[in-house]
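K.L.:
Structure file input_17.csv (CSV, N, CA and C atoms) right here:
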```csv
chain,number,residue,atom,x,y,z
A,27,MET,N,0.8,-1.2,0.0
A,27,MET,CA,0.0,0.0,0.0
A,27,MET,C,0.9,1.2,0.0
A,28,SER,N,0.5,2.2,-0.8
A,28,SER,CA,1.3,3.4,-0.9
A,28,SER,C,0.4,4.6,-0.5
A,29,TYR,N,1.1,5.5,0.2
A,29,TYR,CA,0.3,6.7,0.7
A,29,TYR,C,0.4,7.8,-0.4
A,30,PHE,N,1.4,7.8,-1.3
A,30,PHE,CA,1.5,8.8,-2.3
A,30,PHE,C,1.4,8.1,-3.7
A,31,SER,N,0.8,8.8,-4.6
A,31,SER,CA,0.9,8.3,-6.0
A,31,SER,C,2.3,8.5,-6.4
A,32,SER,N,2.7,7.8,-7.4
A,32,SER,CA,4.1,7.9,-7.9
A,32,SER,C,4.4,9.3,-8.5
A,33,ASP,N,3.4,9.9,-9.1
A,33,ASP,CA,3.6,11.2,-9.6
A,33,ASP,C,3.8,12.3,-8.5
A,34,ASP,N,3.0,12.2,-7.4
A,34,ASP,CA,3.1,13.1,-6.3
A,34,ASP,C,4.5,12.8,-5.6
A,35,LEU,N,4.9,11.6,-5.5
A,35,LEU,CA,6.2,11.3,-4.9
A,35,LEU,C,7.3,11.9,-5.7
A,36,ALA,N,7.3,11.8,-7.0
A,36,ALA,CA,8.3,12.3,-7.8
A,36,ALA,C,8.4,13.8,-7.7
A,37,ARG,N,7.2,14.5,-7.8
A,37,ARG,CA,7.1,15.9,-7.7
A,37,ARG,C,7.7,16.4,-6.3
A,38,LYS,N,7.3,15.7,-5.2
A,38,LYS,CA,7.7,16.1,-3.9
A,38,LYS,C,9.2,15.9,-3.8
A,39,ASP,N,9.8,14.8,-4.2
A,39,ASP,CA,11.2,14.6,-4.1
A,39,ASP,C,12.0,15.6,-5.0
A,40,PHE,N,11.5,15.9,-6.2
A,40,PHE,CA,12.1,16.9,-7.0
A,40,PHE,C,12.2,18.3,-6.4
A,41,LEU,N,11.1,18.7,-5.8
A,41,LEU,CA,11.0,20.0,-5.2
A,41,LEU,C,11.9,20.1,-3.9
A,42,ILE,N,11.9,19.0,-3.2
A,42,ILE,CA,12.8,19.0,-2.0
A,42,ILE,C,14.2,19.0,-2.4
A,43,ALA,N,14.6,18.2,-3.4
A,43,ALA,CA,16.0,18.2,-3.8
A,43,ALA,C,16.4,19.5,-4.4
A,44,LEU,N,15.5,20.2,-5.2
A,44,LEU,CA,15.8,21.5,-5.7
A,44,LEU,C,16.0,22.5,-4.6
A,45,GLY,N,15.2,22.5,-3.6
A,45,GLY,CA,15.4,23.4,-2.5
A,45,GLY,C,16.7,23.2,-1.8
A,46,ILE,N,17.1,21.9,-1.6
A,46,ILE,CA,18.4,21.6,-0.9
A,46,ILE,C,19.5,22.1,-1.8
A,47,TRP,N,19.4,21.9,-3.1
A,47,TRP,CA,20.4,22.3,-4.0
A,47,TRP,C,20.5,23.9,-4.0
A,48,LEU,N,19.4,24.6,-4.0
A,48,LEU,CA,19.5,26.0,-4.0
A,48,LEU,C,20.1,26.6,-2.7
A,49,SER,N,19.8,25.9,-1.6
A,49,SER,CA,20.4,26.3,-0.3
A,49,SER,C,22.0,26.1,-0.4
A,50,LEU,N,22.4,25.0,-0.9
A,50,LEU,CA,23.8,24.7,-1.1
A,50,LEU,C,24.5,25.7,-2.0
A,51,GLU,N,23.8,26.1,-3.1
A,51,GLU,CA,24.3,27.1,-4.0
A,51,GLU,C,24.5,28.4,-3.3
A,52,PHE,N,23.5,28.8,-2.5
A,52,PHE,CA,23.6,30.1,-1.8
A,52,PHE,C,24.8,30.1,-0.8
A,53,VAL,N,25.0,29.0,0.0
A,53,VAL,CA,26.1,28.9,0.9
A,53,VAL,C,27.4,28.8,0.2
A,54,ALA,N,27.5,28.0,-0.9
A,54,ALA,CA,28.7,27.8,-1.6
A,54,ALA,C,29.2,29.1,-2.4
A,55,PHE,N,28.3,29.8,-3.0
A,55,PHE,CA,28.7,30.8,-3.9
A,55,PHE,C,28.4,32.2,-3.4
A,56,VAL,N,27.7,32.3,-2.2
A,56,VAL,CA,27.5,33.7,-1.7
A,56,VAL,C,28.1,33.8,-0.3
A,57,VAL,N,27.7,32.9,0.6
A,57,VAL,CA,28.1,33.0,2.0
A,57,VAL,C,29.6,32.8,2.2
A,58,PHE,N,30.1,31.7,1.7
A,58,PHE,CA,31.5,31.4,2.0
A,58,PHE,C,32.5,32.4,1.3
A,59,PRO,N,32.3,32.8,0.1
A,59,PRO,CA,33.1,33.9,-0.4
A,59,PRO,C,33.0,35.2,0.3
A,60,ALA,N,31.8,35.5,0.7
A,60,ALA,CA,31.5,36.8,1.4
A,60,ALA,C,32.2,36.8,2.8
A,61,LEU,N,32.3,35.7,3.4
A,61,LEU,CA,33.0,35.6,4.7
A,61,LEU,C,34.5,35.3,4.6
A,62,ASN,N,35.0,35.3,3.3
A,62,ASN,CA,36.4,35.1,3.0
A,62,ASN,C,36.9,33.7,3.5
A,63,LEU,N,36.0,32.8,3.6
A,63,LEU,CA,36.4,31.4,4.0
A,63,LEU,C,37.0,30.7,2.8
A,64,ILE,N,36.7,31.1,1.6
A,64,ILE,CA,37.3,30.5,0.4
A,64,ILE,C,37.7,31.7,-0.5
A,65,ASP,N,38.6,31.4,-1.4
A,65,ASP,CA,39.0,32.3,-2.4
A,65,ASP,C,39.0,31.6,-3.8
A,66,PRO,N,37.8,31.4,-4.4
A,66,PRO,CA,37.7,30.6,-5.6
A,66,PRO,C,38.4,31.2,-6.8
A,67,GLY,N,38.6,32.5,-6.9
A,67,GLY,CA,39.3,33.2,-8.0
A,67,GLY,C,38.6,32.9,-9.3
A,68,ASP,N,39.4,32.5,-10.3
A,68,ASP,CA,38.9,32.3,-11.6
A,68,ASP,C,38.0,31.0,-11.7
A,69,ARG,N,38.1,30.1,-10.8
A,69,ARG,CA,37.3,28.9,-10.8
A,69,ARG,C,35.9,29.1,-10.5
A,70,TRP,N,35.5,30.2,-9.9
A,70,TRP,CA,34.1,30.5,-9.4
A,70,TRP,C,33.2,30.4,-10.6
A,71,ASN,N,33.4,31.0,-11.7
A,71,ASN,CA,32.5,31.0,-12.9
A,71,ASN,C,32.3,29.6,-13.4
A,72,THR,N,33.4,28.8,-13.5
A,72,THR,CA,33.3,27.5,-14.0
A,72,THR,C,32.5,26.6,-13.0
A,73,TRP,N,32.8,26.7,-11.7
A,73,TRP,CA,32.0,25.9,-10.8
A,73,TRP,C,30.5,26.3,-10.8
A,74,PHE,N,30.2,27.5,-10.9
A,74,PHE,CA,28.8,28.0,-10.9
A,74,PHE,C,28.1,27.4,-12.2
A,75,LEU,N,28.8,27.6,-13.3
A,75,LEU,CA,28.1,27.1,-14.6
A,75,LEU,C,28.0,25.6,-14.6
A,76,MET,N,28.9,24.9,-14.0
A,76,MET,CA,28.8,23.4,-13.9
A,76,MET,C,27.7,23.0,-12.9
A,77,SER,N,27.6,23.8,-11.9
A,77,SER,CA,26.6,23.3,-10.9
A,77,SER,C,25.2,23.5,-11.3
A,78,LEU,N,24.9,24.4,-12.2
A,78,LEU,CA,23.5,24.7,-12.7
A,78,LEU,C,22.9,23.4,-13.3
A,79,PRO,N,23.5,22.8,-14.4
A,79,PRO,CA,22.9,21.6,-14.9
A,79,PRO,C,23.0,20.4,-14.0
A,80,LEU,N,24.1,20.4,-13.2
A,80,LEU,CA,24.2,19.2,-12.3
A,80,LEU,C,23.2,19.3,-11.2
A,81,GLY,N,22.9,20.4,-10.7
A,81,GLY,CA,21.9,20.5,-9.6
A,81,GLY,C,20.5,20.3,-10.1
A,82,VAL,N,20.1,21.0,-11.2
A,82,VAL,CA,18.7,20.8,-11.7
A,82,VAL,C,18.6,19.4,-12.2
A,83,GLY,N,19.6,18.9,-13.0
A,83,GLY,CA,19.5,17.5,-13.5
A,83,GLY,C,19.5,16.5,-12.4
A,84,GLY,N,20.3,16.7,-11.3
A,84,GLY,CA,20.3,15.8,-10.2
A,84,GLY,C,19.0,15.8,-9.5
A,85,ALA,N,18.4,16.9,-9.3
A,85,ALA,CA,17.0,17.0,-8.7
A,85,ALA,C,16.0,16.2,-9.5
A,86,PHE,N,16.1,16.4,-10.8
A,86,PHE,CA,15.2,15.7,-11.7
A,86,PHE,C,15.4,14.2,-11.7
A,87,ILE,N,16.7,13.8,-11.7
A,87,ILE,CA,17.0,12.3,-11.7
A,87,ILE,C,16.6,11.7,-10.4
A,88,LEU,N,16.7,12.5,-9.3
A,88,LEU,CA,16.3,12.0,-7.9
A,88,LEU,C,14.8,11.8,-7.9
A,89,GLY,N,14.1,12.8,-8.4
A,89,GLY,CA,12.6,12.6,-8.5
A,89,GLY,C,12.1,11.5,-9.3
A,90,MET,N,12.8,11.3,-10.5
A,90,MET,CA,12.4,10.2,-11.4
A,90,MET,C,12.8,8.9,-10.8
A,91,SER,N,13.9,8.8,-10.1
A,91,SER,CA,14.3,7.5,-9.5
A,91,SER,C,13.4,7.1,-8.4
A,92,SER,N,12.9,8.0,-7.6
A,92,SER,CA,11.9,7.7,-6.6
A,92,SER,C,10.6,7.2,-7.2
A,93,ARG,N,10.2,7.8,-8.3
A,93,ARG,CA,9.0,7.3,-9.0
A,93,ARG,C,9.3,6.0,-9.6
A,94,PHE,N,10.5,5.7,-10.2
A,94,PHE,CA,10.8,4.4,-10.8
A,94,PHE,C,10.8,3.3,-9.7
A,95,VAL,N,11.4,3.6,-8.5
A,95,VAL,CA,11.4,2.6,-7.5
A,95,VAL,C,9.9,2.3,-7.0
A,96,ALA,N,9.1,3.4,-6.8
A,96,ALA,CA,7.7,3.2,-6.4
A,96,ALA,C,7.0,2.4,-7.4
A,97,ILE,N,7.1,2.6,-8.7
A,97,ILE,CA,6.4,1.8,-9.7
A,97,ILE,C,7.0,0.4,-9.7
A,98,SER,N,8.3,0.2,-9.5
A,98,SER,CA,8.9,-1.1,-9.5
A,98,SER,C,8.3,-1.9,-8.4
A,99,ASN,N,8.1,-1.3,-7.2
A,99,ASN,CA,7.5,-2.0,-6.1
A,99,ASN,C,6.1,-2.5,-6.3
A,100,GLU,N,5.3,-1.7,-7.1
A,100,GLU,CA,3.9,-2.1,-7.3
A,100,GLU,C,3.7,-3.0,-8.5
A,101,LEU,N,4.7,-3.3,-9.3
A,101,LEU,CA,4.5,-4.2,-10.4
A,101,LEU,C,4.3,-5.6,-10.0
A,102,ALA,N,3.5,-6.3,-10.7
A,102,ALA,CA,3.2,-7.7,-10.4
A,102,ALA,C,4.3,-8.6,-10.7
A,103,ASP,N,5.1,-8.3,-11.7
A,103,ASP,CA,6.3,-9.1,-12.1
A,103,ASP,C,7.4,-9.0,-11.1
A,104,LYS,N,7.7,-10.0,-10.4
A,104,LYS,CA,8.7,-10.0,-9.3
A,104,LYS,C,10.0,-10.5,-9.8
A,105,THR,N,10.1,-11.0,-11.1
A,105,THR,CA,11.3,-11.6,-11.5
A,105,THR,C,12.5,-10.7,-11.6
A,106,ASN,N,12.4,-9.5,-12.1
A,106,ASN,CA,13.5,-8.5,-12.2
A,106,ASN,C,13.4,-7.4,-11.2
A,107,ARG,N,12.6,-7.6,-10.1
A,107,ARG,CA,12.4,-6.6,-9.2
A,107,ARG,C,13.7,-6.1,-8.5
A,108,GLY,N,14.6,-7.0,-8.2
A,108,GLY,CA,15.8,-6.6,-7.5
A,108,GLY,C,16.7,-5.7,-8.5
A,109,LEU,N,16.7,-6.1,-9.7
A,109,LEU,CA,17.5,-5.3,-10.7
A,109,LEU,C,16.9,-3.9,-10.9
A,110,ARG,N,15.6,-3.8,-11.0
A,110,ARG,CA,14.9,-2.5,-11.1
A,110,ARG,C,15.1,-1.7,-9.9
A,111,LEU,N,15.1,-2.2,-8.7
A,111,LEU,CA,15.3,-1.5,-7.5
A,111,LEU,C,16.8,-1.0,-7.5
A,112,PHE,N,17.7,-1.8,-7.9
A,112,PHE,CA,19.1,-1.4,-7.9
A,112,PHE,C,19.3,-0.2,-8.9
A,113,VAL,N,18.7,-0.3,-10.1
A,113,VAL,CA,18.9,0.7,-11.1
A,113,VAL,C,18.2,2.0,-10.5
A,114,GLY,N,17.1,1.9,-9.9
A,114,GLY,CA,16.5,3.1,-9.3
A,114,GLY,C,17.3,3.8,-8.2
A,115,GLN,N,17.9,2.9,-7.3
A,115,GLN,CA,18.7,3.4,-6.2
A,115,GLN,C,20.0,4.0,-6.8
A,116,PHE,N,20.6,3.4,-7.8
A,116,PHE,CA,21.8,3.9,-8.4
A,116,PHE,C,21.5,5.3,-9.0
A,117,ALA,N,20.4,5.4,-9.7
A,117,ALA,CA,20.1,6.7,-10.3
A,117,ALA,C,19.9,7.8,-9.2
A,118,GLY,N,19.3,7.3,-8.1
A,118,GLY,CA,19.1,8.3,-7.0
A,118,GLY,C,20.4,8.8,-6.4
A,119,TRP,N,21.4,7.9,-6.3
A,119,TRP,CA,22.7,8.3,-5.8
A,119,TRP,C,23.4,9.2,-6.8
A,120,LEU,N,23.2,9.0,-8.1
A,120,LEU,CA,23.8,9.9,-9.1
A,120,LEU,C,23.1,11.3,-9.0
A,121,GLY,N,21.8,11.3,-8.8
A,121,GLY,CA,21.1,12.6,-8.6
A,121,GLY,C,21.6,13.3,-7.3
A,122,LEU,N,21.9,12.6,-6.3
A,122,LEU,CA,22.4,13.2,-5.1
A,122,LEU,C,23.8,13.8,-5.3
A,123,LEU,N,24.6,13.1,-6.1
A,123,LEU,CA,25.9,13.7,-6.4
A,123,LEU,C,25.8,15.0,-7.2
A,124,GLY,N,24.8,15.1,-8.1
A,124,GLY,CA,24.6,16.3,-8.8
A,124,GLY,C,24.1,17.4,-7.9
A,125,ILE,N,23.3,17.1,-6.9
A,125,ILE,CA,22.8,18.1,-6.0
A,125,ILE,C,23.9,18.5,-5.0
A,126,ALA,N,24.7,17.6,-4.6
A,126,ALA,CA,25.8,17.9,-3.7
A,126,ALA,C,27.1,18.5,-4.3
A,127,PHE,N,27.1,18.7,-5.6
A,127,PHE,CA,28.2,19.3,-6.3
A,127,PHE,C,28.7,20.6,-5.6
A,128,PRO,N,27.9,21.6,-5.3
A,128,PRO,CA,28.4,22.8,-4.7
A,128,PRO,C,29.1,22.5,-3.3
A,129,LEU,N,28.5,21.6,-2.6
A,129,LEU,CA,29.1,21.2,-1.3
A,129,LEU,C,30.4,20.5,-1.5
A,130,LEU,N,30.5,19.7,-2.4
A,130,LEU,CA,31.8,19.0,-2.7
A,130,LEU,C,32.9,20.0,-3.1
A,131,MET,N,32.6,20.9,-4.0
A,131,MET,CA,33.5,21.9,-4.5
A,131,MET,C,33.9,22.9,-3.3
A,132,ILE,N,33.0,23.3,-2.6
A,132,ILE,CA,33.3,24.3,-1.5
A,132,ILE,C,34.1,23.6,-0.4
A,133,SER,N,33.9,22.3,-0.1
A,133,SER,CA,34.6,21.6,0.8
A,133,SER,C,36.1,21.4,0.4
A,134,LEU,N,36.2,21.1,-0.9
A,134,LEU,CA,37.6,20.9,-1.5
A,134,LEU,C,38.3,22.2,-1.4
A,135,GLU,N,37.7,23.3,-1.8
A,135,GLU,CA,38.4,24.6,-1.7
A,135,GLU,C,38.7,25.0,-0.3
A,136,PHE,N,37.8,24.8,0.6
A,136,PHE,CA,38.0,25.2,2.0
A,136,PHE,C,39.1,24.5,2.6
A,137,PHE,N,39.2,23.2,2.5
A,137,PHE,CA,40.2,22.4,3.1
A,137,PHE,C,41.6,22.6,2.4
A,138,THR,N,41.6,22.9,1.1
A,138,THR,CA,42.8,23.2,0.4
A,138,THR,C,43.3,24.5,0.9
A,139,MET,N,42.5,25.5,1.1
A,139,MET,CA,42.9,26.8,1.6
A,139,MET,C,43.4,26.7,3.1
A,140,LEU,N,42.7,25.9,3.9
A,140,LEU,CA,43.1,25.7,5.2
A,140,LEU,C,44.5,25.0,5.3
A,141,PHE,N,44.7,24.0,4.5
A,141,PHE,CA,46.0,23.3,4.4
A,141,PHE,C,47.1,24.3,4.0
A,142,ILE,N,46.8,25.2,3.0
A,142,ILE,CA,47.8,26.1,2.6
A,142,ILE,C,48.2,27.1,3.7
A,143,ARG,N,47.1,27.6,4.4
A,143,ARG,CA,47.4,28.5,5.5
A,143,ARG,C,48.2,27.9,6.7
A,144,PHE,N,47.9,26.6,7.0
A,144,PHE,CA,48.7,25.9,8.0
A,144,PHE,C,50.1,25.7,7.6
A,145,SER,N,50.3,25.4,6.3
A,145,SER,CA,51.6,25.2,5.7
A,145,SER,C,52.5,26.4,5.8
A,146,GLU,N,51.8,27.6,5.5
A,146,GLU,CA,52.5,28.9,5.5
A,146,GLU,C,52.8,29.3,6.9
A,147,ALA,N,52.0,29.0,7.9
A,147,ALA,CA,52.2,29.4,9.2
A,147,ALA,C,53.3,28.6,9.9
A,148,SER,N,53.5,27.3,9.4
A,148,SER,CA,54.5,26.5,10.1
A,148,SER,C,55.9,26.8,9.5
A,149,GLN,N,56.0,27.6,8.5
A,149,GLN,CA,57.3,27.9,7.9
A,149,GLN,C,57.9,29.1,8.5
```
For the file at hand, write its structure as structure tokens.
P.N.:
Amino acid sequence: MSYFSSDDLARKDFLIALGIWLSLEFVAFVVFPALNLIDPGDRWNTWFLMSLPLGVGGAFILGMSSRFVAISNELADKTNRGLRLFVGQFAGWLGLLGIAFPLLMISLEFFTMLFIRFSEASQ
């Protein structure tokens, strides 16, 4: 028994993922540079332009994968159910990677900058 139709589930997951991605975009590209926690320099434009299709595409893939898993659970054919669930979950993880791209880039830049500052301070 399902409490959501698969269309409602996909829409809900897409909108939640899109909201999370927008929050990460704001923190990564507005808050951290404004607080001088990172200095992205010339890489900022590239990261921002890469994160747009990755974030929106990741949110879309995440929404569609949850719909795919919900439909796979309701199908009467149980022979390939495990494979369908694996494909749906794998697509969901790929969607999460697209959504988390700003967080991954900001973490990489922050810890690189932190390492450089500690290296300079120890010399």
K.L.:
Between atom N of Lys38 in chain A and atom C of Arg93 in chain A, what is the distance in Å, rounded to a tenth?
P.N.:
10.8 Å
K.L.:
A:Ile142, A:Ala147, A:Leu120, A:Ala36: which is nearest Gly84 in chain A, counting all atoms listed in the file?
P.N.:
A:Leu120
K.L.:
Looking at A:Ala85, A:Ser91, A:Phe144, A:Lys104, which one is nearest to Phe116 in chain A, with distances taken over all atoms listed in the file?
P.N.:
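Checking each candidate against Phe116 in chain A, we get A:Ser91 as the closest.
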K.L.:
So, with only C-alpha atoms as the atoms that count, which of A:Leu63, A:Leu35, A:Val57, A:Gly83 lies closest to Ala126 in chain A?
P.N.:
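Among the listed residues, A:Gly83 lies closest to Ala126 in chain A.
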K.L.:
Calculate how many Å separate atom C of Leu129 in chain A from atom C of Ser145 in chain A, rounding to one decimal.
P.N.:
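A separation of 24.0 Å between them.
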K.L.:
Given all atoms listed in the file as the basis, pick out the residue of A:Leu101, A:Leu75, A:Leu88, A:Ile125 nearest to Leu50 in chain A.
P.N.:
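Smallest distance to Leu50 in chain A is found for A:Ile125.
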K.L.:
Quick check, in Å to one decimal: how far apart do CA of Phe137 in chain A and CA of Asp65 in chain A lie?
P.N.:
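CA of Asp65 in chain A lies 11.4 Å from CA of Phe137 in chain A.
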K.L.:
Find the residue from A:Leu61, A:Met76, A:Ile87, A:Val82 that sits nearest to Leu48 in chain A; use only C-alpha atoms when measuring.
P.N.:
A:Val82
K.L.:
Which residue, A:Ile132, A:Asp103, A:Asn71, A:Gly121, has the smallest gap to Val53 in chain A when you use all atoms listed in the file?
P.N.:
A:Ile132
K.L.:
Output as a PyMOL selection string all residues of range 66-126 of chain A that backbone DSSP marks as alpha helix (DSSP H).
P.N.:
chain A and resi 69-100+107-125
K.L.:
Kindly extract all protein, DNA and RNA residues lying within 9 Å of the coordinates (4.7, 3.7, -8.3) given in the file, considering only C-alpha atoms, and supply them as a PyMOL selection string.
P.N.:
chain A and resi 28+30-33+35+92-101
K.L.:
Only N, CA and C atoms, as a PDB file, in the first residue's frame: that is what I want for range 87-116 of chain A.
P.N.:
```pdb
ATOM      1  N   ILE A  87      16.675  13.769 -11.737  1.00  0.00           N
ATOM      2  CA  ILE A  87      16.999  12.336 -11.681  1.00  0.00           C
ATOM      3  C   ILE A  87      16.558  11.742 -10.352  1.00  0.00           C
ATOM      4  N   LEU A  88      16.750  12.481  -9.261  1.00  0.00           N
ATOM      5  CA  LEU A  88      16.326  11.985  -7.950  1.00  0.00           C
ATOM      6  C   LEU A  88      14.815  11.804  -7.899  1.00  0.00           C
ATOM      7  N   GLY A  89      14.073  12.767  -8.424  1.00  0.00           N
ATOM      8  CA  GLY A  89      12.618  12.649  -8.453  1.00  0.00           C
ATOM      9  C   GLY A  89      12.148  11.486  -9.306  1.00  0.00           C
ATOM     10  N   MET A  90      12.754  11.333 -10.461  1.00  0.00           N
ATOM     11  CA  MET A  90      12.362  10.235 -11.352  1.00  0.00           C
ATOM     12  C   MET A  90      12.784   8.872 -10.798  1.00  0.00           C
ATOM     13  N   SER A  91      13.901   8.828 -10.089  1.00  0.00           N
ATOM     14  CA  SER A  91      14.323   7.539  -9.528  1.00  0.00           C
ATOM     15  C   SER A  91      13.388   7.097  -8.409  1.00  0.00           C
ATOM     16  N   SER A  92      12.894   8.041  -7.616  1.00  0.00           N
ATOM     17  CA  SER A  92      11.944   7.651  -6.572  1.00  0.00           C
ATOM     18  C   SER A  92      10.634   7.168  -7.194  1.00  0.00           C
ATOM     19  N   ARG A  93      10.246   7.791  -8.296  1.00  0.00           N
ATOM     20  CA  ARG A  93       9.045   7.337  -9.016  1.00  0.00           C
ATOM     21  C   ARG A  93       9.280   5.951  -9.609  1.00  0.00           C
ATOM     22  N   PHE A  94      10.462   5.733 -10.169  1.00  0.00           N
ATOM     23  CA  PHE A  94      10.807   4.442 -10.761  1.00  0.00           C
ATOM     24  C   PHE A  94      10.794   3.336  -9.707  1.00  0.00           C
ATOM     25  N   VAL A  95      11.353   3.615  -8.530  1.00  0.00           N
ATOM     26  CA  VAL A  95      11.363   2.617  -7.453  1.00  0.00           C
ATOM     27  C   VAL A  95       9.947   2.345  -6.965  1.00  0.00           C
ATOM     28  N   ALA A  96       9.120   3.390  -6.846  1.00  0.00           N
ATOM     29  CA  ALA A  96       7.737   3.195  -6.401  1.00  0.00           C
ATOM     30  C   ALA A  96       6.951   2.353  -7.398  1.00  0.00           C
ATOM     31  N   ILE A  97       7.131   2.620  -8.676  1.00  0.00           N
ATOM     32  CA  ILE A  97       6.439   1.827  -9.698  1.00  0.00           C
ATOM     33  C   ILE A  97       6.962   0.399  -9.708  1.00  0.00           C
ATOM     34  N   SER A  98       8.268   0.226  -9.529  1.00  0.00           N
ATOM     35  CA  SER A  98       8.858  -1.120  -9.510  1.00  0.00           C
ATOM     36  C   SER A  98       8.320  -1.949  -8.356  1.00  0.00           C
ATOM     37  N   ASN A  99       8.060  -1.316  -7.226  1.00  0.00           N
ATOM     38  CA  ASN A  99       7.513  -2.039  -6.075  1.00  0.00           C
ATOM     39  C   ASN A  99       6.077  -2.482  -6.308  1.00  0.00           C
ATOM     40  N   GLU A 100       5.337  -1.737  -7.122  1.00  0.00           N
ATOM     41  CA  GLU A 100       3.927  -2.051  -7.339  1.00  0.00           C
ATOM     42  C   GLU A 100       3.683  -3.019  -8.488  1.00  0.00           C
ATOM     43  N   LEU A 101       4.686  -3.263  -9.309  1.00  0.00           N
ATOM     44  CA  LEU A 101       4.499  -4.164 -10.447  1.00  0.00           C
ATOM     45  C   LEU A 101       4.287  -5.592  -9.977  1.00  0.00           C
ATOM     46  N   ALA A 102       3.460  -6.307 -10.710  1.00  0.00           N
ATOM     47  CA  ALA A 102       3.168  -7.694 -10.351  1.00  0.00           C
ATOM     48  C   ALA A 102       4.338  -8.612 -10.683  1.00  0.00           C
ATOM     49  N   ASP A 103       5.124  -8.275 -11.704  1.00  0.00           N
ATOM     50  CA  ASP A 103       6.254  -9.100 -12.127  1.00  0.00           C
ATOM     51  C   ASP A 103       7.394  -8.969 -11.117  1.00  0.00           C
ATOM     52  N   LYS A 104       7.652 -10.023 -10.377  1.00  0.00           N
ATOM     53  CA  LYS A 104       8.670  -9.992  -9.327  1.00  0.00           C
ATOM     54  C   LYS A 104      10.016 -10.548  -9.792  1.00  0.00           C
ATOM     55  N   THR A 105      10.123 -10.976 -11.057  1.00  0.00           N
ATOM     56  CA  THR A 105      11.349 -11.640 -11.500  1.00  0.00           C
ATOM     57  C   THR A 105      12.538 -10.689 -11.556  1.00  0.00           C
ATOM     58  N   ASN A 106      12.362  -9.496 -12.074  1.00  0.00           N
ATOM     59  CA  ASN A 106      13.462  -8.544 -12.195  1.00  0.00           C
ATOM     60  C   ASN A 106      13.357  -7.405 -11.186  1.00  0.00           C
ATOM     61  N   ARG A 107      12.645  -7.616 -10.123  1.00  0.00           N
ATOM     62  CA  ARG A 107      12.403  -6.556  -9.152  1.00  0.00           C
ATOM     63  C   ARG A 107      13.703  -6.064  -8.519  1.00  0.00           C
ATOM     64  N   GLY A 108      14.585  -6.976  -8.169  1.00  0.00           N
ATOM     65  CA  GLY A 108      15.848  -6.585  -7.547  1.00  0.00           C
ATOM     66  C   GLY A 108      16.695  -5.717  -8.455  1.00  0.00           C
ATOM     67  N   LEU A 109      16.745  -6.069  -9.724  1.00  0.00           N
ATOM     68  CA  LEU A 109      17.514  -5.279 -10.685  1.00  0.00           C
ATOM     69  C   LEU A 109      16.902  -3.894 -10.873  1.00  0.00           C
ATOM     70  N   ARG A 110      15.575  -3.836 -10.959  1.00  0.00           N
ATOM     71  CA  ARG A 110      14.912  -2.536 -11.115  1.00  0.00           C
ATOM     72  C   ARG A 110      15.144  -1.655  -9.892  1.00  0.00           C
ATOM     73  N   LEU A 111      15.092  -2.239  -8.704  1.00  0.00           N
ATOM     74  CA  LEU A 111      15.343  -1.460  -7.493  1.00  0.00           C
ATOM     75  C   LEU A 111      16.785  -0.958  -7.451  1.00  0.00           C
ATOM     76  N   PHE A 112      17.719  -1.809  -7.875  1.00  0.00           N
ATOM     77  CA  PHE A 112      19.122  -1.395  -7.908  1.00  0.00           C
ATOM     78  C   PHE A 112      19.325  -0.236  -8.878  1.00  0.00           C
ATOM     79  N   VAL A 113      18.730  -0.327 -10.055  1.00  0.00           N
ATOM     80  CA  VAL A 113      18.853   0.748 -11.050  1.00  0.00           C
ATOM     81  C   VAL A 113      18.247   2.041 -10.508  1.00  0.00           C
ATOM     82  N   GLY A 114      17.090   1.949  -9.870  1.00  0.00           N
ATOM     83  CA  GLY A 114      16.455   3.133  -9.295  1.00  0.00           C
ATOM     84  C   GLY A 114      17.281   3.753  -8.186  1.00  0.00           C
ATOM     85  N   GLN A 115      17.852   2.920  -7.324  1.00  0.00           N
ATOM     86  CA  GLN A 115      18.678   3.440  -6.236  1.00  0.00           C
ATOM     87  C   GLN A 115      19.985   4.027  -6.757  1.00  0.00           C
ATOM     88  N   PHE A 116      20.562   3.392  -7.758  1.00  0.00           N
ATOM     89  CA  PHE A 116      21.794   3.909  -8.358  1.00  0.00           C
ATOM     90  C   PHE A 116      21.548   5.276  -8.993  1.00  0.00           C
TER      91      PHE A 116
END
```
